[in-house]
$ cat start.txt   # compact mmCIF, C-alpha atoms
# COMPACT_ATOMS: atom_id res chain seq x y z
CA MET Z 22 5.96 11.15 30.70
CA MET Z 23 7.98 9.16 28.15
CA GLY Z 24 4.98 9.26 25.82
CA VAL Z 25 4.91 13.06 25.89
CA PHE Z 26 8.69 13.16 25.40
CA ASN Z 27 8.40 10.86 22.37
CA ILE Z 28 5.66 12.98 20.83
CA LEU Z 29 7.74 16.14 21.26
CA ILE Z 30 10.72 14.45 19.56
CA LEU Z 31 8.48 13.18 16.78
CA PHE Z 32 6.99 16.59 16.06
CA TYR Z 33 10.45 18.12 16.05
CA LEU Z 34 11.57 15.54 13.49
CA PHE Z 35 8.50 16.29 11.40
CA PHE Z 36 9.26 19.99 11.61
CA ILE Z 37 12.85 19.72 10.39
CA SER Z 38 12.17 16.91 7.87
CA ARG Z 39 10.43 19.36 5.53
CA SER Z 40 13.81 20.80 4.61
CA PHE Z 41 15.11 17.43 3.36
CA PHE Z 42 12.60 17.10 0.52
CA VAL Z 43 13.14 18.49 -2.96
CA LYS Z 44 11.23 21.76 -3.23
CA THR Z 45 8.23 21.37 -5.52
CA GLU Z 46 4.80 22.96 -5.57
CA LEU Z 47 3.78 20.26 -3.11
CA ILE Z 48 5.95 21.75 -0.35
CA THR Z 49 3.33 24.33 0.62
CA TRP Z 50 0.98 21.47 1.46
CA TYR Z 51 3.48 19.68 3.70
CA TYR Z 52 2.21 20.64 7.16
CA PRO Z 53 -1.53 20.48 6.36
CA LEU Z 54 -1.07 17.02 4.83
CA LEU Z 55 1.05 15.90 7.79
CA LEU Z 56 -1.60 17.07 10.24
CA LEU Z 57 -4.29 15.29 8.23
CA LYS Z 58 -2.27 12.06 8.27
CA LEU Z 59 -1.83 12.19 12.04
CA ILE Z 60 -5.56 12.80 12.45
CA TYR Z 61 -6.22 9.74 10.28
CA GLY Z 62 -3.90 7.70 12.51
CA LEU Z 63 -5.56 8.76 15.75
CA LEU Z 64 -9.03 8.31 14.21
CA TYR Z 65 -8.11 4.82 13.07
CA ALA Z 66 -6.79 3.86 16.52
CA PHE Z 67 -9.90 5.23 18.24
CA LEU Z 68 -12.40 3.58 15.92
CA TYR Z 69 -10.49 0.30 15.78
CA ASN Z 70 -10.54 0.03 19.56
CA GLN Z 71 -14.20 1.01 19.65
CA TYR Z 72 -15.25 -1.67 17.18
CA TYR Z 73 -12.76 -4.46 17.85
CA SER Z 74 -11.73 -3.90 21.48
CA GLU Z 75 -9.07 -6.54 22.29
CA VAL Z 76 -9.24 -8.46 18.99
CA GLY Z 77 -8.01 -7.71 15.49
CA ASP Z 78 -4.61 -7.39 13.86
CA SER Z 79 -3.71 -4.01 15.35
CA ASN Z 80 -4.30 -5.08 18.94
CA CYS Z 81 -2.60 -8.40 18.29
CA TYR Z 82 0.57 -6.70 17.07
CA HIS Z 83 0.43 -4.32 20.02
CA HIS Z 84 0.19 -7.06 22.65
CA GLU Z 85 2.77 -9.30 20.99
CA GLY Z 86 5.13 -6.37 20.52
CA LEU Z 87 4.89 -5.63 24.25
CA LEU Z 88 5.46 -9.29 25.10
CA LEU Z 89 8.49 -9.59 22.83
CA SER Z 90 9.98 -6.35 24.14
CA GLU Z 91 9.81 -7.80 27.66
CA TYR Z 92 11.99 -10.66 26.46
CA PHE Z 93 14.56 -8.09 25.36
CA TRP Z 94 14.83 -6.62 28.87
CA ASN Z 95 14.48 -9.87 30.86
CA ASP Z 96 16.10 -12.47 28.59
CA PRO Z 97 18.09 -10.84 25.75
CA LEU Z 98 19.41 -14.15 24.39
CA GLN Z 99 15.89 -15.53 24.06
CA TYR Z 100 14.81 -12.33 22.33
CA VAL Z 101 17.61 -12.69 19.76
CA LYS Z 102 16.56 -16.29 19.12
CA LEU Z 103 12.97 -15.18 18.61
CA LEU Z 104 13.95 -12.23 16.44
CA PHE Z 105 16.14 -14.16 14.00
CA PHE Z 106 15.20 -17.84 14.33
CA ASN Z 107 11.65 -17.98 15.80
CA GLU Z 108 12.97 -20.25 18.55
CA LEU Z 109 11.58 -20.62 22.07
CA GLU Z 110 13.31 -22.59 24.81
CA ASN Z 111 9.91 -23.49 26.25
CA ALA Z 112 7.69 -24.59 23.38
CA GLN Z 113 4.56 -24.10 25.48
CA GLN Z 114 5.21 -20.37 25.55
CA ALA Z 115 4.31 -20.25 21.87
CA GLN Z 116 0.66 -20.32 22.97
CA MET Z 117 1.09 -16.74 24.19
CA PHE Z 118 1.55 -15.55 20.60
CA CYS Z 119 -1.57 -15.46 18.45
CA THR Z 120 0.55 -15.08 15.29
CA TRP Z 121 2.93 -17.95 16.07
CA GLY Z 122 3.35 -20.02 12.92
CA LEU Z 123 2.16 -17.18 10.68
CA ASP Z 124 5.48 -15.96 9.31
CA ARG Z 125 4.41 -12.57 7.99
CA ALA Z 126 2.24 -11.66 10.96
CA PHE Z 127 4.88 -12.73 13.46
CA PHE Z 128 7.50 -10.77 11.51
CA MET Z 129 5.31 -7.71 12.00
CA SER Z 130 5.06 -8.38 15.74
CA LYS Z 131 8.85 -8.62 15.95
CA PHE Z 132 9.23 -5.40 14.00
CA ILE Z 133 6.79 -3.63 16.34
CA SER Z 134 8.72 -4.95 19.34
CA ILE Z 135 11.82 -3.11 18.08
CA LEU Z 136 9.81 0.11 17.96
CA TYR Z 137 8.62 -0.49 21.52
CA ILE Z 138 12.18 -1.06 22.71
CA VAL Z 139 13.61 2.00 20.95
CA LEU Z 140 10.69 4.41 21.16
CA SER Z 141 7.72 3.85 23.45
CA LYS Z 142 5.35 1.17 24.72
CA ASN Z 143 2.34 3.45 24.43
CA TYR Z 144 -0.16 2.32 21.78
CA TRP Z 145 -1.17 5.86 20.85
CA VAL Z 146 2.40 7.11 20.55
CA ILE Z 147 3.34 4.19 18.31
CA THR Z 148 0.24 4.88 16.21
CA ILE Z 149 1.51 8.42 15.61
CA TYR Z 150 4.91 7.00 14.63
CA CYS Z 151 3.20 4.57 12.21
CA ALA Z 152 1.24 7.40 10.60
CA GLY Z 153 4.36 9.57 10.47
CA ILE Z 154 6.56 6.90 8.88
CA ASN Z 155 3.93 6.19 6.24
CA PHE Z 156 3.49 9.91 5.60
CA MET Z 157 7.21 10.44 5.00
CA ALA Z 158 7.41 7.64 2.43
CA THR Z 159 4.15 8.63 0.72
CA TYR Z 160 5.14 12.29 0.58
CA TYR Z 161 8.54 11.30 -0.83
CA LEU Z 162 6.87 9.45 -3.72
CA ALA Z 163 4.23 12.16 -4.24
CA ASN Z 164 6.96 14.80 -4.30
CA GLN Z 165 8.87 12.88 -6.98
CA LEU Z 166 5.71 12.49 -9.05
CA VAL Z 167 4.93 16.20 -8.82
CA ARG Z 168 8.54 17.03 -9.70
CA ARG Z 169 8.33 14.92 -12.86
CA TYR Z 170 4.71 15.64 -13.76
CA PRO Z 171 3.73 19.01 -12.25
CA THR Z 172 0.41 19.14 -14.09
CA PHE Z 173 -0.74 16.04 -12.15
CA ARG Z 174 -0.31 17.68 -8.74
CA PHE Z 175 -3.99 17.73 -7.75
CA SER Z 176 -4.44 14.08 -8.77
CA VAL Z 177 -1.32 13.08 -6.82
CA ILE Z 178 -2.38 14.97 -3.69
CA MET Z 179 -5.89 13.56 -3.79
CA ALA Z 180 -4.90 9.95 -4.49
CA PHE Z 181 -1.79 9.54 -2.34
CA MET Z 182 -2.24 12.04 0.49
CA ILE Z 183 -5.95 12.66 1.11
CA TRP Z 184 -8.25 9.86 -0.07
CA PRO Z 185 -9.91 8.49 3.13
CA GLY Z 186 -10.46 4.95 1.86
CA ILE Z 187 -6.68 4.63 1.53
CA GLN Z 188 -5.41 6.75 4.39
CA ILE Z 189 -7.55 5.10 7.05
CA TRP Z 190 -5.81 1.75 6.41
CA THR Z 191 -2.26 3.07 6.18
CA SER Z 192 -2.16 5.21 9.31
CA GLY Z 193 -2.42 2.71 12.13
CA LEU Z 194 -0.58 -0.19 13.73
CA LEU Z 195 -0.93 -2.48 10.72
CA LYS Z 196 1.30 -4.23 8.22
CA GLU Z 197 -0.17 -2.06 5.49
CA SER Z 198 1.21 1.13 7.09
CA PHE Z 199 4.80 -0.09 6.91
CA ALA Z 200 4.49 -2.16 3.73
CA THR Z 201 3.01 0.68 1.66
CA ALA Z 202 5.70 2.96 3.13
CA ALA Z 203 8.38 0.55 1.86
CA LEU Z 204 6.65 0.27 -1.54
CA PHE Z 205 6.30 4.04 -1.98
CA ALA Z 206 9.85 4.65 -0.79
CA LEU Z 207 11.07 2.09 -3.36
CA LEU Z 208 9.18 3.84 -6.16
CA GLY Z 209 10.35 7.25 -4.96
CA LEU Z 210 13.96 6.07 -4.98
CA TYR Z 211 13.56 4.86 -8.55
CA LEU Z 212 12.04 8.15 -9.71
CA ASN Z 213 14.62 10.24 -7.87
CA GLY Z 214 17.35 11.05 -10.36
CA SER Z 215 19.64 12.79 -7.85
CA GLY Z 216 21.63 11.57 -4.87
CA LYS Z 217 24.35 9.00 -4.36
CA GLY Z 218 23.64 5.83 -6.28
CA TYR Z 219 24.96 3.34 -3.72
CA ILE Z 220 22.91 4.87 -0.90
CA LYS Z 221 19.77 4.65 -3.02
CA LEU Z 222 20.61 1.06 -3.91
CA VAL Z 223 21.04 0.04 -0.27
CA CYS Z 224 17.78 1.74 0.70
CA ALA Z 225 15.99 0.07 -2.23
CA LEU Z 226 17.31 -3.37 -1.21
CA LEU Z 227 16.17 -2.80 2.36
CA CYS Z 228 12.69 -1.92 1.09
CA ILE Z 229 12.60 -5.04 -1.09
CA CYS Z 230 13.73 -7.27 1.79
CA PHE Z 231 11.10 -5.78 4.10
CA LEU Z 232 8.37 -6.31 1.50
CA TYR Z 233 9.52 -9.88 0.90
CA LYS Z 234 9.11 -10.66 4.59
CA CYS Z 235 5.96 -8.63 5.18
CA LYS Z 236 3.94 -8.38 1.94
CA PRO Z 237 5.70 -10.33 -0.85
CA TYR Z 238 2.94 -9.77 -3.40
CA TYR Z 239 3.76 -6.03 -3.32
CA LEU Z 240 6.91 -7.00 -5.22
CA VAL Z 241 4.76 -7.40 -8.33
CA VAL Z 242 5.80 -3.78 -8.88
CA LEU Z 243 9.38 -4.83 -9.71
CA PRO Z 244 8.68 -6.10 -13.27
CA PHE Z 245 6.98 -2.79 -14.09
CA ILE Z 246 9.95 -0.83 -12.75
CA GLY Z 247 12.21 -3.07 -14.84
CA VAL Z 248 10.20 -2.53 -18.01
CA HIS Z 249 10.22 1.24 -17.52
CA TYR Z 250 13.97 1.22 -16.87
CA LEU Z 251 14.67 -0.88 -19.97
CA TYR Z 252 12.55 1.36 -22.18
CA GLU Z 253 14.14 4.55 -20.86
CA ASN Z 254 17.70 3.25 -21.29
CA HIS Z 255 17.64 0.64 -24.08
CA GLY Z 256 14.66 1.40 -26.31
CA TRP Z 257 11.53 -0.51 -27.16
CA ALA Z 258 13.04 -3.50 -29.02
CA ILE Z 259 15.03 -4.91 -26.09
CA THR Z 260 12.20 -3.98 -23.72
CA VAL Z 261 9.62 -5.95 -25.70
CA PHE Z 262 11.91 -8.98 -26.06
CA LEU Z 263 12.84 -9.16 -22.38
CA SER Z 264 9.24 -8.44 -21.34
CA LEU Z 265 8.02 -11.38 -23.41
CA VAL Z 266 10.66 -13.64 -21.86
CA GLY Z 267 9.57 -12.48 -18.42
CA LEU Z 268 5.90 -13.02 -19.27
CA VAL Z 269 6.59 -16.59 -20.40
CA CYS Z 270 8.41 -17.26 -17.12
CA VAL Z 271 5.54 -15.82 -15.09
CA LEU Z 272 2.97 -17.89 -16.98
CA TYR Z 273 5.10 -21.02 -16.60
CA PHE Z 274 5.58 -20.67 -12.86
CA GLY Z 275 2.09 -19.26 -12.31
CA ILE Z 276 0.18 -21.95 -14.19
CA VAL Z 277 2.38 -24.99 -14.85
CA LYS Z 278 4.41 -24.74 -11.64
CA GLN Z 279 1.92 -22.71 -9.62
CA LYS Z 280 2.71 -24.56 -6.39
CA ILE Z 281 6.14 -22.89 -6.27
CA ILE Z 282 4.77 -19.37 -5.91
CA PHE Z 283 1.24 -19.89 -4.61
CA ASP Z 284 2.29 -21.84 -1.53
CA TYR Z 285 4.15 -18.79 -0.27
CA ILE Z 286 2.46 -15.80 -1.85
CA LEU Z 287 -1.16 -16.89 -2.03
CA TYR Z 288 -1.32 -19.57 0.68
CA SER Z 289 -2.61 -22.16 -1.77
CA SER Z 290 -1.07 -24.65 -4.16
CA ASP Z 291 -4.14 -24.44 -6.39
CA VAL Z 292 -5.12 -21.02 -7.67
CA THR Z 293 -8.31 -22.36 -9.23
CA TYR Z 294 -9.49 -23.56 -5.82
CA TYR Z 295 -9.14 -20.06 -4.43
CA ALA Z 296 -10.81 -18.54 -7.44
CA SER Z 297 -13.89 -20.75 -7.37
CA GLU Z 298 -14.36 -21.55 -3.70
CA LYS Z 299 -13.43 -18.25 -2.07
CA ALA Z 300 -13.13 -15.14 -4.22
CA PHE Z 301 -15.97 -16.00 -6.61
CA SER Z 302 -18.49 -17.37 -4.14
CA ASN Z 303 -17.97 -14.90 -1.28
CA ASN Z 304 -17.68 -11.89 -3.58
CA GLN Z 305 -20.89 -13.04 -5.31
CA ILE Z 306 -19.40 -13.51 -8.78
CA GLY Z 307 -21.27 -16.80 -8.95
CA SER Z 308 -20.83 -20.53 -8.83
CA LEU Z 309 -18.03 -21.28 -11.27
CA THR Z 310 -16.00 -24.27 -12.33
CA ALA Z 311 -12.50 -24.44 -10.87
CA ASN Z 312 -10.29 -24.25 -13.94
CA VAL Z 313 -7.96 -21.79 -15.64
CA TRP Z 314 -10.43 -21.07 -18.46
CA THR Z 315 -12.95 -19.89 -15.87
CA LEU Z 316 -10.39 -17.41 -14.59
CA VAL Z 317 -9.70 -16.11 -18.09
CA LYS Z 318 -13.40 -15.62 -18.86
CA ASN Z 319 -14.04 -13.76 -15.62
CA ILE Z 320 -10.93 -11.60 -15.35
CA HIS Z 321 -13.00 -8.46 -15.93
CA LEU Z 322 -15.30 -9.33 -13.01
CA ILE Z 323 -12.40 -10.13 -10.71
CA VAL Z 324 -10.60 -6.89 -11.55
CA PHE Z 325 -13.76 -4.77 -11.26
CA LYS Z 326 -14.70 -6.14 -7.84
CA ALA Z 327 -11.14 -5.88 -6.56
CA CYS Z 328 -11.05 -2.23 -7.65
CA PHE Z 329 -14.52 -0.81 -6.96
CA GLU Z 330 -16.29 -3.07 -4.47
CA PRO Z 331 -17.94 -2.81 -2.00
CA MET Z 332 -20.41 -0.11 -3.03
CA LYS Z 333 -23.29 -1.02 -0.73
CA ILE Z 334 -24.25 1.65 1.81
CA GLY Z 335 -26.63 0.58 4.55
CA ASN Z 336 -26.53 -1.71 7.54
CA VAL Z 337 -22.72 -2.03 7.59
CA SER Z 338 -19.86 -0.92 9.85
CA PHE Z 339 -18.31 2.56 9.84
CA PHE Z 340 -15.20 1.34 7.98
CA ARG Z 341 -17.36 -0.42 5.37
CA THR Z 342 -19.49 2.71 4.90
CA VAL Z 343 -16.42 4.92 4.40
CA GLU Z 344 -15.03 2.45 1.87
CA ALA Z 345 -18.36 2.18 0.02
CA LEU Z 346 -18.67 5.97 -0.27
CA SER Z 347 -15.06 6.16 -1.41
CA ASN Z 348 -15.64 3.49 -4.07
CA LEU Z 349 -18.76 5.22 -5.36
CA VAL Z 350 -16.86 8.49 -5.78
CA VAL Z 351 -13.92 6.73 -7.44
CA GLY Z 352 -16.30 5.00 -9.83
CA ALA Z 353 -18.03 8.27 -10.70
CA CYS Z 354 -14.68 10.02 -11.25
CA ALA Z 355 -13.50 7.14 -13.43
CA ILE Z 356 -16.61 7.49 -15.62
CA ILE Z 357 -15.97 11.26 -15.94
CA THR Z 358 -12.31 10.70 -16.83
CA ILE Z 359 -13.06 7.99 -19.41
CA THR Z 360 -15.85 10.08 -20.96
CA ARG Z 361 -13.60 13.12 -21.14
CA SER Z 362 -10.83 11.07 -22.79
CA LEU Z 363 -13.24 9.67 -25.39
CA LEU Z 364 -14.68 13.09 -26.21
CA PHE Z 365 -11.54 15.20 -26.19
CA GLY Z 366 -8.78 12.64 -26.71
CA SER Z 367 -5.94 11.64 -24.41
CA ASN Z 368 -2.27 10.78 -24.82
CA ILE Z 369 -1.57 7.12 -24.04
CA THR Z 370 1.91 7.17 -22.52
CA LYS Z 371 4.12 4.31 -21.43
CA GLU Z 372 3.66 5.40 -17.81
CA LEU Z 373 -0.13 5.16 -18.18
CA ILE Z 374 0.16 1.66 -19.64
CA LEU Z 375 2.51 0.49 -16.87
CA VAL Z 376 0.37 1.97 -14.08
CA SER Z 377 -2.75 0.38 -15.58
CA GLY Z 378 -0.94 -2.96 -15.84
CA PHE Z 379 0.18 -2.74 -12.21
CA ILE Z 380 -3.41 -2.05 -11.10
CA VAL Z 381 -4.79 -4.99 -13.12
CA ILE Z 382 -2.18 -7.46 -11.84
CA GLY Z 383 -2.59 -6.23 -8.27
CA ALA Z 384 -6.38 -6.52 -8.56
CA LEU Z 385 -6.07 -10.07 -9.91
CA LEU Z 386 -3.83 -11.11 -7.02
CA VAL Z 387 -6.24 -9.64 -4.49
CA GLY Z 388 -9.40 -10.77 -6.27
CA LEU Z 389 -8.18 -14.36 -6.53
CA THR Z 390 -7.03 -14.75 -2.96
CA VAL Z 391 -9.05 -12.53 -0.62
CA PRO Z 392 -12.17 -14.32 0.64
CA ASN Z 393 -14.32 -11.28 1.56
CA PHE Z 394 -14.77 -7.55 1.04
CA GLY Z 395 -13.83 -6.74 4.64
CA ALA Z 396 -10.29 -7.98 4.11
CA MET Z 397 -10.12 -6.72 0.52
CA VAL Z 398 -10.54 -3.03 1.39
CA ARG Z 399 -7.43 -3.20 3.56
CA ILE Z 400 -5.27 -5.51 1.48
CA ARG Z 401 -5.65 -3.63 -1.81
CA VAL Z 402 -4.14 -0.36 -0.54
CA PHE Z 403 -0.89 -1.05 -2.41
CA TYR Z 404 -2.49 -0.42 -5.82
CA GLU Z 405 -5.54 1.62 -4.82
CA PRO Z 406 -3.73 5.01 -4.80
CA PHE Z 407 -2.75 4.46 -8.43
CA LEU Z 408 -6.35 3.52 -9.27
CA VAL Z 409 -7.64 6.67 -7.59
CA PHE Z 410 -4.95 8.71 -9.36
CA LEU Z 411 -6.12 7.55 -12.79
CA SER Z 412 -9.80 7.88 -11.85
CA VAL Z 413 -9.70 11.44 -10.50
CA PHE Z 414 -7.41 12.71 -13.24
CA GLY Z 415 -10.29 14.15 -15.31
CA PRO Z 416 -11.98 16.15 -12.51
CA CYS Z 417 -8.60 17.22 -11.12
CA GLU Z 418 -7.47 18.48 -14.54
CA TRP Z 419 -10.51 20.74 -14.63
CA LEU Z 420 -9.65 21.90 -11.11
CA GLU Z 421 -6.07 22.54 -12.24
CA LYS Z 422 -7.26 24.77 -15.09
CA PHE Z 423 -9.72 26.57 -12.81
CA THR Z 424 -7.10 27.39 -10.18
CA SER Z 425 -4.09 28.03 -12.43
CA TYR Z 426 -4.98 31.63 -13.21
CA ASP Z 427 -6.21 34.51 -11.08
CA LYS Z 428 -8.88 37.03 -12.08
CA GLU Z 429 -6.31 39.09 -13.99
CA GLY Z 430 -5.26 36.09 -16.05
CA ASN Z 431 -1.88 35.66 -14.33
CA LYS Z 432 -0.65 32.11 -13.77
CA ARG Z 433 -0.34 31.12 -10.13
CA SER Z 434 0.72 28.04 -8.19
CA ILE Z 435 -0.86 26.23 -5.29
$ encode --input "start.txt" --output "structure tokens"
Amino acid sequence: MMGVFNILILFYLFFISRSFFVKTELITWYYPLLLLKLIYGLLYAFLYNQYYSEVGDSNCYHHEGLLLSEYFWNDPLQYVKLLFFNELENAQQAQMFCTWGLDRAFFMSKFISILYIVLSKNYWVITIYCAGINFMATYYLANQLVRRYPTFRFSVIMAFMIWPGIQIWTSGLLKESFATAALFALLGLYLNGSGKGYIKLVCALLCICFLYKCKPYYLVVLPFIGVHYLYENHGWAITVFLSLVGLVCVLYFGIVKQKIIFDYILYSSDVTYYASEKAFSNNQIGSLTANVWTLVKNIHLIVFKACFEPMKIGNVSFFRTVEALSNLVVGACAIITITRSLLFGSNITKELILVSGFIVIGALLVGLTVPNFGAMVRIRVFYEPFLVFLSVFGPCEWLEKFTSYDKEGNKRSI
């Protein structure tokens, strides 16, 4: 009964939330896109339980969230200790938690436990909440993009709101659902030029703190936001100078003092070990020597595989097949877009350069640290929408021209 009550409340919130968004041409798509997102969430939950039964991240977070929420009702003090300090009075009880000792995963379990306490303990209801929360943040960013760049509306809708290879991994009980929501909300807050500044700042800081605890490598977006802000407000000279200073710092800490960042962000004090022993061998780049020069020579392979692999369709799982089909289409669209740009010309804007840079850096982080394609297709969802956006731009621009005018030659909107 509580599950039905929660769903009714959720749908009511969805219904009234439409009025809070800035009215753009995207607003007419609000309810269809919301329905599609919820379908993705339920489909993910169904298929995940069919294929993985009682194992896997989603089920792990579900069971640990339930267990932690029981502490809240039966032993509130112990729950507070677990929530803020990861402390258990009986150390043997730690064996009940499969993510104990894994800071980010256990943080997610604690976050889910709060949802179970406040909302519902039903897996399917929480899945709908996960899909809904991600939808709100994604729509917020998409709405800001369409407001600023109305001619990109089809590309934005396709990349951020529809693309199955992305939506399937951001609609369920997973870290990616909440982390991408925080990332997109952060970007939407930056692009939103209206509203009270201090409220936006507080919300942005909350998003950054959540990402730091849950998916710290998503924060690679911050330098790109900083560069864009500097250029918009202080011109290119200061932007170039400060960007070079920042690049030197990144290279220093990333290569000379790599242990400082790789211990926490990439789980390894030696990036070359990861590159040669895991990413290269398991992703079939080849047997390579573990040194920085090897990384430099093979950056193009790392980026390509982290963006467009896997492409194999055959004796693989449903999720792998969906991802392979998605990658094949993205690759084909990218070829069309590049060919169109070479033949007819294209304006290279600062936004295009920054988005491309974000994709490349994100792909390098994923390509250097993820040991197999199965994990890669889920982990890369933080930069994949931007990759799809750039790839489908060419076909979507043709679609935009085809649908912009009716038979009488009058301009119309979607």
$ residues_around --input "start.txt" --residues "Gly86 in chain Z" --least-positions-apart "5" --cutoff "9 Å" --atoms "all atoms listed in the file" --output "count of residues only"
12
$ residues_around --input "start.txt" --residues "Leu98 in chain Z" --least-positions-apart "5" --cutoff "12 Å" --atoms "all atoms listed in the file" --output "list in words"
Leu89, Glu91, Tyr92, Phe93, Leu103, Leu104, Phe105, Phe106, Glu108, Leu109 and Glu110 of chain Z
$ write_last_selection --input "start.txt" --atoms "C-alpha atoms" --output "PDB file, in the frame of the given file"
ATOM      1  CA  LEU Z  89       8.490  -9.590  22.830  1.00  0.00           C
ATOM      2  CA  GLU Z  91       9.810  -7.800  27.660  1.00  0.00           C
ATOM      3  CA  TYR Z  92      11.990 -10.660  26.460  1.00  0.00           C
ATOM      4  CA  PHE Z  93      14.560  -8.090  25.360  1.00  0.00           C
ATOM      5  CA  LEU Z 103      12.970 -15.180  18.610  1.00  0.00           C
ATOM      6  CA  LEU Z 104      13.950 -12.230  16.440  1.00  0.00           C
ATOM      7  CA  PHE Z 105      16.140 -14.160  14.000  1.00  0.00           C
ATOM      8  CA  PHE Z 106      15.200 -17.840  14.330  1.00  0.00           C
ATOM      9  CA  GLU Z 108      12.970 -20.250  18.550  1.00  0.00           C
ATOM     10  CA  LEU Z 109      11.580 -20.620  22.070  1.00  0.00           C
ATOM     11  CA  GLU Z 110      13.310 -22.590  24.810  1.00  0.00           C
TER      12      GLU Z 110
END
$ atom_distance --input "start.txt" --atom1 "CA of Arg174 in chain Z" --atom2 "CA of Lys326 in chain Z"
27.8 Å
$ residues_around --input "start.txt" --residues "Lys234 in chain Z" --least-positions-apart "3" --cutoff "8 Å" --atoms "only C-alpha atoms" --output "list in words"
Asp124, Arg125, Phe128, Cys230, Phe231 and Pro237 of chain Z
$ residues_around --input "start.txt" --residues "range 352-361 of chain Z" --least-positions-apart "6" --cutoff "12 Å" --atoms "all atoms listed in the file" --output "list in words"
Ser176, Ala180, Phe325, Lys326, Cys328, Phe329, Glu330, Pro331, Met332, Ala345, Leu346, Ser367, Leu408, Val409, Phe410, Leu411, Ser412, Val413, Phe414, Gly415, Pro416, Cys417, Glu418 and Trp419 of chain Z
